[in-house]
Amino acid sequence: MSKRRLNRRQNWRIQKIQQERTKRAEAREDRVQEQLQAGELGGEQMGTVIAHYGSQLDIEPADQPDTLYRCHLRANLPPLVTGDRVIWRAGSDLSGVVVAVQERDSELCRPDSRGQLKPVAANIDYIVQVIAPLPTPHPNLIDRYLVAAEAVGIEPVILFNKIDLLNDSNRDHFDQLLDRYQSIGYRVIHASTHSSTGLEEIKGLLKGHTSVFVGQSGVGKSSLINALLPGVDIRVGALSEQTGKGTHTTTAARLFHFPAGGNLIDSPGIREFGLGHIDQATLIEGFREFRPFLGYCRFRDCQHEQEPGCALLEALAEGKISQKRLDSYRHILSGN
Ligand SMILES: Nc1nc2c(ncn2[C@@H]2O[C@H](COP(=O)(O)OP(=O)(O)OP(=O)(O)O)[C@@H](O)[C@H]2O)c(=O)[nH]1
Ligand SMILES: [Zn+2]
């Protein structure tokens, strides 16, 4: 088949899918209108998006914790994500309709299958970056996560897990590494799920806030989450949904309540957050302690390499920023 015919055929298929989608949305909106006219819906109330399944959402009423209403969305609303705060109206049998969404304080985005950034969770207060003596963190990796958190304006917290694995040969290295972040102003918590160390401090920090846990594979995220959320098997049950084709595990984010207070939003996608592409301006501003010096170099296009009058190099000479962090910035910039 010619390329042109192939293209035409693809376009036709895409159009058809879009038409069907529109038709379904219209049918849903008709149903909502019917319910509204029949007076079947309760009054407006506040709620939170706990999870979403295609066109439907699980909404938790603000005054009825742990009860979920399977809701549709009014057609005029933008796509919603886990953590969104909404105004909704209850229908019968734990159903309902979302009628409005509140402005987000923050959002996490991930590239979709076509590489376009899409929000996956909203209203997050902390990005808890879990690191451990094993697998050994690459300093660049910590900085990458910090930059990613700074870029979305969410406070990062460094959770140093598996401290039971510290010994005389690695303790000094990690003390120095973490001191560096603490002196920049980041919160660092030491913990071990094996020896139940630091869990109370974590619970205290997370209380009253919504957090996500990120970090490389094997650092103990699941172990930590299971210790903080007893009774919820984070990897299985909670993340699966019933569909016509049987049960399948979705990668969509879900919000959980910690028994000690506060919320966790979790999904496999969120755990890997932060490793995507970042432009140069966002990258350098993501080094929090560099900010007071940015814009003060003699040359406007200063690359902070060896230029005279470089404010960043002066800050380095005066000990106001560390060589390690500057090296890390350069490494990430060069694509390493
Ligand atoms: N020594 C020690 N090992 C731990 C600790 N916490 C977790 N582990 C072990 O580390 C390994 C990885 O733990 P997980 O909780 O699965 O790590 P994860 O970060 O969820 O890994 P992914 O699911 O691959 O992202 C397991 O063998 C755990 O038993 C700890 O505090 N001390
Ligand atoms: Zn400079």
# chains A, B, ... in the order shown; residues from 1 in each chain; ligands from 1
call {"tool": "closest_atom_pairs", "arguments": {"of": "chain A", "to": "ligand 1", "cutoff": "6 Å", "atoms": "only C-alpha atoms and all ligand atoms", "output": "JSON lines"}}
result
{"residue": "A:Asn161", "atom": "CA", "partner": "ligand 1", "partner_atom_place_in_ligand_line": "31 (O)", "distance": 5.5}
{"residue": "A:Lys162", "atom": "CA", "partner": "ligand 1", "partner_atom_place_in_ligand_line": "31 (O)", "distance": 3.5}
{"residue": "A:Asp164", "atom": "CA", "partner": "ligand 1", "partner_atom_place_in_ligand_line": "32 (N)", "distance": 5.7}
{"residue": "A:Leu165", "atom": "CA", "partner": "ligand 1", "partner_atom_place_in_ligand_line": "1 (N)", "distance": 5.6}
{"residue": "A:Ser192", "atom": "CA", "partner": "ligand 1", "partner_atom_place_in_ligand_line": "31 (O)", "distance": 3.4}
{"residue": "A:Thr193", "atom": "CA", "partner": "ligand 1", "partner_atom_place_in_ligand_line": "31 (O)", "distance": 3.7}
{"residue": "A:His194", "atom": "CA", "partner": "ligand 1", "partner_atom_place_in_ligand_line": "31 (O)", "distance": 4.2}
{"residue": "A:Ser217", "atom": "CA", "partner": "ligand 1", "partner_atom_place_in_ligand_line": "25 (O)", "distance": 3.6}
{"residue": "A:Gly218", "atom": "CA", "partner": "ligand 1", "partner_atom_place_in_ligand_line": "21 (O)", "distance": 3.6}
{"residue": "A:Val219", "atom": "CA", "partner": "ligand 1", "partner_atom_place_in_ligand_line": "19 (O)", "distance": 4.1}
{"residue": "A:Gly220", "atom": "CA", "partner": "ligand 1", "partner_atom_place_in_ligand_line": "17 (O)", "distance": 3.2}
{"residue": "A:Lys221", "atom": "CA", "partner": "ligand 1", "partner_atom_place_in_ligand_line": "19 (O)", "distance": 3.7}
{"residue": "A:Ser222", "atom": "CA", "partner": "ligand 1", "partner_atom_place_in_ligand_line": "20 (O)", "distance": 3.6}
{"residue": "A:Ser223", "atom": "CA", "partner": "ligand 1", "partner_atom_place_in_ligand_line": "15 (O)", "distance": 3.7}
call {"tool": "residues_near_ligand", "arguments": {"ligand": "ligand 2", "cutoff": "7 Å", "atoms": "only C-alpha atoms and all ligand atoms", "output": "list in words"}}
result
Cys297, Cys302, Gln303, His304, Glu305, Glu307, Cys310, Ala311, Leu312 and Leu313 of chain A
call {"tool": "residues_around", "arguments": {"residues": "Ala227 of chain A", "least_positions_apart": "5", "cutoff": "12 Å", "atoms": "only C-alpha atoms", "output": "number ranges by chain"}}
result
A: 191-200, 202-203, 220-222, 232-234, 258-260
call {"tool": "write_last_selection", "arguments": {"atoms": "N, CA and C atoms", "output": "PDB file, in the first residue's frame"}}
result
ATOM      1  N   ALA A 191      16.870   6.171  58.647  1.00  0.00           N
ATOM      2  CA  ALA A 191      15.872   5.156  58.986  1.00  0.00           C
ATOM      3  C   ALA A 191      16.358   3.758  58.647  1.00  0.00           C
ATOM      4  N   SER A 192      15.686   2.797  59.225  1.00  0.00           N
ATOM      5  CA  SER A 192      15.895   1.404  58.849  1.00  0.00           C
ATOM      6  C   SER A 192      14.593   0.667  59.076  1.00  0.00           C
ATOM      7  N   THR A 193      14.073   0.077  58.031  1.00  0.00           N
ATOM      8  CA  THR A 193      12.839  -0.687  58.226  1.00  0.00           C
ATOM      9  C   THR A 193      13.160  -1.985  58.969  1.00  0.00           C
ATOM     10  N   HIS A 194      14.387  -2.481  58.792  1.00  0.00           N
ATOM     11  CA  HIS A 194      14.746  -3.724  59.472  1.00  0.00           C
ATOM     12  C   HIS A 194      14.852  -3.545  60.978  1.00  0.00           C
ATOM     13  N   SER A 195      15.406  -2.429  61.420  1.00  0.00           N
ATOM     14  CA  SER A 195      15.515  -2.238  62.868  1.00  0.00           C
ATOM     15  C   SER A 195      14.488  -1.228  63.386  1.00  0.00           C
ATOM     16  N   SER A 196      13.486  -0.906  62.547  1.00  0.00           N
ATOM     17  CA  SER A 196      12.419   0.040  62.930  1.00  0.00           C
ATOM     18  C   SER A 196      12.968   1.345  63.493  1.00  0.00           C
ATOM     19  N   THR A 197      14.030   1.830  62.891  1.00  0.00           N
ATOM     20  CA  THR A 197      14.613   3.106  63.318  1.00  0.00           C
ATOM     21  C   THR A 197      14.037   4.227  62.457  1.00  0.00           C
ATOM     22  N   GLY A 198      13.804   5.359  63.059  1.00  0.00           N
ATOM     23  CA  GLY A 198      13.413   6.542  62.295  1.00  0.00           C
ATOM     24  C   GLY A 198      11.963   6.580  61.864  1.00  0.00           C
ATOM     25  N   LEU A 199      11.225   5.494  62.125  1.00  0.00           N
ATOM     26  CA  LEU A 199       9.849   5.464  61.622  1.00  0.00           C
ATOM     27  C   LEU A 199       8.975   6.526  62.288  1.00  0.00           C
ATOM     28  N   GLU A 200       9.204   6.754  63.596  1.00  0.00           N
ATOM     29  CA  GLU A 200       8.401   7.772  64.293  1.00  0.00           C
ATOM     30  C   GLU A 200       8.682   9.156  63.718  1.00  0.00           C
ATOM     31  N   ILE A 202       9.619   9.808  60.686  1.00  0.00           N
ATOM     32  CA  ILE A 202       8.968   9.879  59.365  1.00  0.00           C
ATOM     33  C   ILE A 202       7.472  10.133  59.536  1.00  0.00           C
ATOM     34  N   LYS A 203       6.863   9.377  60.454  1.00  0.00           N
ATOM     35  CA  LYS A 203       5.417   9.550  60.673  1.00  0.00           C
ATOM     36  C   LYS A 203       5.101  10.986  61.061  1.00  0.00           C
ATOM     37  N   GLY A 220      14.316   0.256  49.204  1.00  0.00           N
ATOM     38  CA  GLY A 220      13.417  -0.064  50.305  1.00  0.00           C
ATOM     39  C   GLY A 220      12.132   0.745  50.349  1.00  0.00           C
ATOM     40  N   LYS A 221      11.696   1.264  49.209  1.00  0.00           N
ATOM     41  CA  LYS A 221      10.455   2.057  49.203  1.00  0.00           C
ATOM     42  C   LYS A 221       9.259   1.221  49.643  1.00  0.00           C
ATOM     43  N   SER A 222       9.134   0.025  49.044  1.00  0.00           N
ATOM     44  CA  SER A 222       7.990  -0.825  49.401  1.00  0.00           C
ATOM     45  C   SER A 222       8.041  -1.184  50.882  1.00  0.00           C
ATOM     46  N   VAL A 232      -2.023  -2.684  53.978  1.00  0.00           N
ATOM     47  CA  VAL A 232      -2.258  -2.406  52.559  1.00  0.00           C
ATOM     48  C   VAL A 232      -1.081  -2.987  51.799  1.00  0.00           C
ATOM     49  N   ASP A 233      -1.322  -3.991  50.988  1.00  0.00           N
ATOM     50  CA  ASP A 233      -0.190  -4.471  50.190  1.00  0.00           C
ATOM     51  C   ASP A 233      -0.062  -3.563  48.986  1.00  0.00           C
ATOM     52  N   ILE A 234       0.949  -2.723  49.056  1.00  0.00           N
ATOM     53  CA  ILE A 234       1.102  -1.636  48.115  1.00  0.00           C
ATOM     54  C   ILE A 234       1.313  -2.125  46.685  1.00  0.00           C
ATOM     55  N   PHE A 258      -2.183   7.510  55.742  1.00  0.00           N
ATOM     56  CA  PHE A 258      -1.364   6.887  56.777  1.00  0.00           C
ATOM     57  C   PHE A 258      -2.185   6.850  58.059  1.00  0.00           C
ATOM     58  N   PRO A 259      -2.142   5.731  58.814  1.00  0.00           N
ATOM     59  CA  PRO A 259      -2.905   5.682  60.076  1.00  0.00           C
ATOM     60  C   PRO A 259      -2.480   6.804  61.032  1.00  0.00           C
ATOM     61  N   ALA A 260      -1.210   7.196  60.970  1.00  0.00           N
ATOM     62  CA  ALA A 260      -0.729   8.240  61.879  1.00  0.00           C
ATOM     63  C   ALA A 260      -1.035   9.643  61.354  1.00  0.00           C
TER      64      ALA A 260
END
call {"tool": "residues_around", "arguments": {"residues": "segment 141-147 of chain A", "least_positions_apart": "5", "cutoff": "10 Å", "atoms": "only C-alpha atoms", "output": "VMD selection string"}}
result
chain A and resid 127 to 131 152 to 158 181 186 214 to 216 272 to 276 278 282 to 288 325 328 to 329 332
call {"tool": "closest_atom_pairs", "arguments": {"of": "segment 93-172 of chain A", "to": "segment 66-73 of chain A", "cutoff": "6 Å", "atoms": "only C-alpha atoms", "output": "JSON lines"}}
result
{"residue": "A:Leu94", "atom": "CA", "partner": "A:Tyr69", "partner_atom": "CA", "distance": 4.6}
{"residue": "A:Ser95", "atom": "CA", "partner": "A:Arg70", "partner_atom": "CA", "distance": 4.8}
{"residue": "A:Gly96", "atom": "CA", "partner": "A:Cys71", "partner_atom": "CA", "distance": 4.4}
{"residue": "A:Val97", "atom": "CA", "partner": "A:His72", "partner_atom": "CA", "distance": 4.9}
{"residue": "A:Val98", "atom": "CA", "partner": "A:Leu73", "partner_atom": "CA", "distance": 4.9}
call {"tool": "select_by_dssp", "arguments": {"residues": "segment 6-94 of chain A", "states": "helix (DSSP H, G or I)", "output": "number ranges by chain"}}
result
A: 6-37
call {"tool": "closest_residue", "arguments": {"among": "A:Ile184, A:Ala151, A:Ala38, A:Val212", "to": "Asp279 of chain A", "atoms": "only C-alpha atoms"}}
result
A:Ala151
call {"tool": "atom_distance", "arguments": {"atom1": "atom CA of Pro119 of chain A", "atom2": "atom CA of Val81 of chain A"}}
result
6.9 Å
call {"tool": "closest_residue", "arguments": {"among": "A:Ala25, A:Ile14, A:Thr210, A:Asp58", "to": "Ser106 of chain A", "atoms": "only C-alpha atoms"}}
result
A:Thr210
call {"tool": "residues_around", "arguments": {"residues": "segment 39-50 of chain A", "least_positions_apart": "6", "cutoff": "8 Å", "atoms": "only C-alpha atoms", "output": "ChimeraX atom specification"}}
result
/A:57-62,80-92,96,254-256
call {"tool": "select_by_dssp", "arguments": {"residues": "segment 38-135 of chain A", "states": "strand (DSSP E or B)", "output": "VMD selection string"}}
result
chain A and resid 44 to 53 56 to 61 69 to 73 82 85 to 90 95 to 101 107 to 111 117 to 122 126 to 131
call {"tool": "write_last_selection", "arguments": {"atoms": "N, CA and C atoms", "output": "short mmCIF file (atom, residue, chain, number, x, y, z; two decimals), in the first residue's frame"}}
result
data_model
loop_
_atom_site.label_atom_id
_atom_site.label_comp_id
_atom_site.auth_asym_id
_atom_site.auth_seq_id
_atom_site.Cartn_x
_atom_site.Cartn_y
_atom_site.Cartn_z
N GLU A 44 -23.94 20.10 46.57
CA GLU A 44 -22.51 20.17 46.29
C GLU A 44 -21.70 19.97 47.56
N GLN A 45 -20.64 19.19 47.47
CA GLN A 45 -19.75 19.00 48.61
C GLN A 45 -18.31 18.85 48.14
N MET A 46 -17.39 18.95 49.10
CA MET A 46 -15.97 18.85 48.78
C MET A 46 -15.53 17.39 48.80
N GLY A 47 -14.51 17.09 48.04
CA GLY A 47 -13.97 15.73 48.04
C GLY A 47 -12.58 15.70 47.43
N THR A 48 -11.97 14.53 47.49
CA THR A 48 -10.62 14.34 46.96
C THR A 48 -10.63 13.17 45.98
N VAL A 49 -9.88 13.32 44.88
CA VAL A 49 -9.74 12.20 43.94
C VAL A 49 -8.75 11.20 44.55
N ILE A 50 -9.22 9.98 44.79
CA ILE A 50 -8.38 8.92 45.38
C ILE A 50 -7.71 8.09 44.30
N ALA A 51 -8.43 7.87 43.21
CA ALA A 51 -7.88 7.10 42.09
C ALA A 51 -8.73 7.40 40.87
N HIS A 52 -8.18 7.10 39.69
CA HIS A 52 -9.06 7.23 38.54
C HIS A 52 -8.94 6.07 37.59
N TYR A 53 -10.06 5.74 36.98
CA TYR A 53 -10.16 4.57 36.10
C TYR A 53 -10.75 5.04 34.79
N GLN A 56 -13.79 7.37 34.81
CA GLN A 56 -14.41 7.46 36.15
C GLN A 56 -13.37 7.69 37.23
N LEU A 57 -13.86 8.27 38.34
CA LEU A 57 -12.98 8.61 39.45
C LEU A 57 -13.54 8.06 40.75
N ASP A 58 -12.64 7.71 41.65
CA ASP A 58 -13.08 7.42 43.01
C ASP A 58 -12.92 8.70 43.82
N ILE A 59 -14.03 9.18 44.37
CA ILE A 59 -14.00 10.41 45.16
C ILE A 59 -14.27 10.07 46.62
N GLU A 60 -13.46 10.66 47.50
CA GLU A 60 -13.68 10.51 48.93
C GLU A 60 -14.27 11.82 49.46
N PRO A 61 -15.45 11.76 50.06
CA PRO A 61 -16.04 12.99 50.59
C PRO A 61 -15.17 13.54 51.73
N TYR A 69 -16.91 7.11 46.37
CA TYR A 69 -18.00 7.24 45.41
C TYR A 69 -17.41 7.18 44.01
N ARG A 70 -17.95 6.28 43.18
CA ARG A 70 -17.49 6.17 41.81
C ARG A 70 -18.17 7.26 40.99
N CYS A 71 -17.38 8.21 40.53
CA CYS A 71 -17.98 9.40 39.92
C CYS A 71 -17.64 9.58 38.45
N HIS A 72 -18.57 10.20 37.75
CA HIS A 72 -18.33 10.70 36.40
C HIS A 72 -17.94 12.17 36.50
N LEU A 73 -17.47 12.67 35.36
CA LEU A 73 -17.01 14.05 35.30
C LEU A 73 -17.95 14.84 34.41
N THR A 82 -5.21 11.98 40.56
CA THR A 82 -5.22 11.63 41.97
C THR A 82 -4.67 12.79 42.80
N ARG A 85 -8.54 18.21 44.42
CA ARG A 85 -9.65 18.53 45.31
C ARG A 85 -10.80 19.01 44.45
N VAL A 86 -11.95 18.40 44.66
CA VAL A 86 -13.08 18.66 43.76
C VAL A 86 -14.34 19.04 44.53
N ILE A 87 -15.30 19.59 43.76
CA ILE A 87 -16.65 19.78 44.25
C ILE A 87 -17.50 18.78 43.47
N TRP A 88 -18.32 18.02 44.18
CA TRP A 88 -19.04 16.95 43.52
C TRP A 88 -20.41 16.79 44.17
N ARG A 89 -21.28 16.00 43.52
CA ARG A 89 -22.63 15.75 44.04
C ARG A 89 -22.88 14.25 44.02
N ALA A 90 -23.38 13.75 45.12
CA ALA A 90 -23.61 12.30 45.23
C ALA A 90 -24.87 11.89 44.50
N SER A 95 -22.55 6.44 43.82
CA SER A 95 -22.11 7.04 42.56
C SER A 95 -22.14 8.56 42.75
N GLY A 96 -21.73 9.28 41.73
CA GLY A 96 -21.77 10.73 41.84
C GLY A 96 -21.24 11.41 40.60
N VAL A 97 -21.26 12.73 40.66
CA VAL A 97 -20.80 13.54 39.53
C VAL A 97 -19.88 14.64 40.05
N VAL A 98 -18.72 14.76 39.44
CA VAL A 98 -17.80 15.85 39.80
C VAL A 98 -18.20 17.08 38.98
N VAL A 99 -18.42 18.20 39.67
CA VAL A 99 -18.87 19.38 38.94
C VAL A 99 -17.82 20.48 38.82
N ALA A 100 -16.80 20.45 39.68
CA ALA A 100 -15.75 21.47 39.58
C ALA A 100 -14.48 20.97 40.24
N VAL A 101 -13.36 21.57 39.83
CA VAL A 101 -12.08 21.19 40.43
C VAL A 101 -11.41 22.45 40.97
N GLU A 107 1.73 19.89 41.02
CA GLU A 107 1.40 18.68 40.26
C GLU A 107 2.66 17.98 39.78
N LEU A 108 2.56 16.66 39.67
CA LEU A 108 3.64 15.86 39.11
C LEU A 108 3.22 15.42 37.72
N CYS A 109 4.14 15.54 36.75
CA CYS A 109 3.83 15.13 35.39
C CYS A 109 4.77 14.02 34.96
N ARG A 110 4.28 13.21 34.03
CA ARG A 110 5.09 12.14 33.44
C ARG A 110 4.83 12.14 31.95
N PRO A 111 5.83 11.76 31.15
CA PRO A 111 5.55 11.65 29.72
C PRO A 111 4.60 10.49 29.45
N LEU A 117 4.05 15.45 28.19
CA LEU A 117 3.94 15.50 29.65
C LEU A 117 2.49 15.59 30.08
N LYS A 118 2.09 14.70 30.97
CA LYS A 118 0.72 14.67 31.47
C LYS A 118 0.76 14.65 32.98
N PRO A 119 -0.10 15.45 33.64
CA PRO A 119 -0.13 15.37 35.10
C PRO A 119 -0.59 13.99 35.56
N VAL A 120 0.01 13.48 36.64
CA VAL A 120 -0.40 12.18 37.18
C VAL A 120 -0.85 12.28 38.64
N ALA A 121 -0.48 13.36 39.31
CA ALA A 121 -0.90 13.52 40.70
C ALA A 121 -0.83 15.00 41.06
N ALA A 122 -1.70 15.40 42.00
CA ALA A 122 -1.77 16.82 42.33
C ALA A 122 -1.75 17.04 43.84
N TYR A 126 5.38 16.82 49.76
CA TYR A 126 6.76 16.33 49.88
C TYR A 126 7.06 15.27 48.83
N ILE A 127 8.26 15.39 48.24
CA ILE A 127 8.80 14.28 47.46
C ILE A 127 9.87 13.65 48.35
N VAL A 128 9.58 12.46 48.84
CA VAL A 128 10.51 11.78 49.74
C VAL A 128 11.44 10.92 48.89
N GLN A 129 12.69 11.35 48.83
CA GLN A 129 13.66 10.62 48.03
C GLN A 129 14.35 9.60 48.92
N VAL A 130 14.13 8.33 48.63
CA VAL A 130 14.71 7.26 49.45
C VAL A 130 16.06 6.87 48.87
N ILE A 131 17.08 6.87 49.73
CA ILE A 131 18.39 6.37 49.31
C ILE A 131 18.85 5.37 50.37
#
call {"tool": "residues_around", "arguments": {"residues": "Ser267 of chain A", "least_positions_apart": "2", "cutoff": "7 Å", "atoms": "only C-alpha atoms", "output": "ChimeraX atom specification"}}
result
/A:251-254,269-271
call {"tool": "residues_around", "arguments": {"residues": "Gly309 of chain A", "least_positions_apart": "3", "cutoff": "8 Å", "atoms": "only C-alpha atoms", "output": "PyMOL selection string"}}
result
chain A and resi 297-299+314
call {"tool": "write_last_selection", "arguments": {"atoms": "C-alpha atoms", "output": "short mmCIF file (atom, residue, chain, number, x, y, z; two decimals), in the first residue's frame"}}
result
data_model
loop_
_atom_site.label_atom_id
_atom_site.label_comp_id
_atom_site.auth_asym_id
_atom_site.auth_seq_id
_atom_site.Cartn_x
_atom_site.Cartn_y
_atom_site.Cartn_z
CA CYS A 297 28.06 36.99 36.49
CA ARG A 298 29.88 39.62 34.44
CA PHE A 299 28.80 38.00 31.19
CA GLU A 314 33.43 33.39 43.33
#
call {"tool": "closest_residue", "arguments": {"among": "A:Leu316, A:Asn7, A:Gln280, A:Pro135", "to": "Asp301 of chain A", "atoms": "only C-alpha atoms"}}
result
A:Gln280
call {"tool": "closest_residue", "arguments": {"among": "A:Ser211, A:Ser55, A:Ser322, A:Gln19", "to": "Ile124 of chain A", "atoms": "only C-alpha atoms"}}
result
A:Ser211
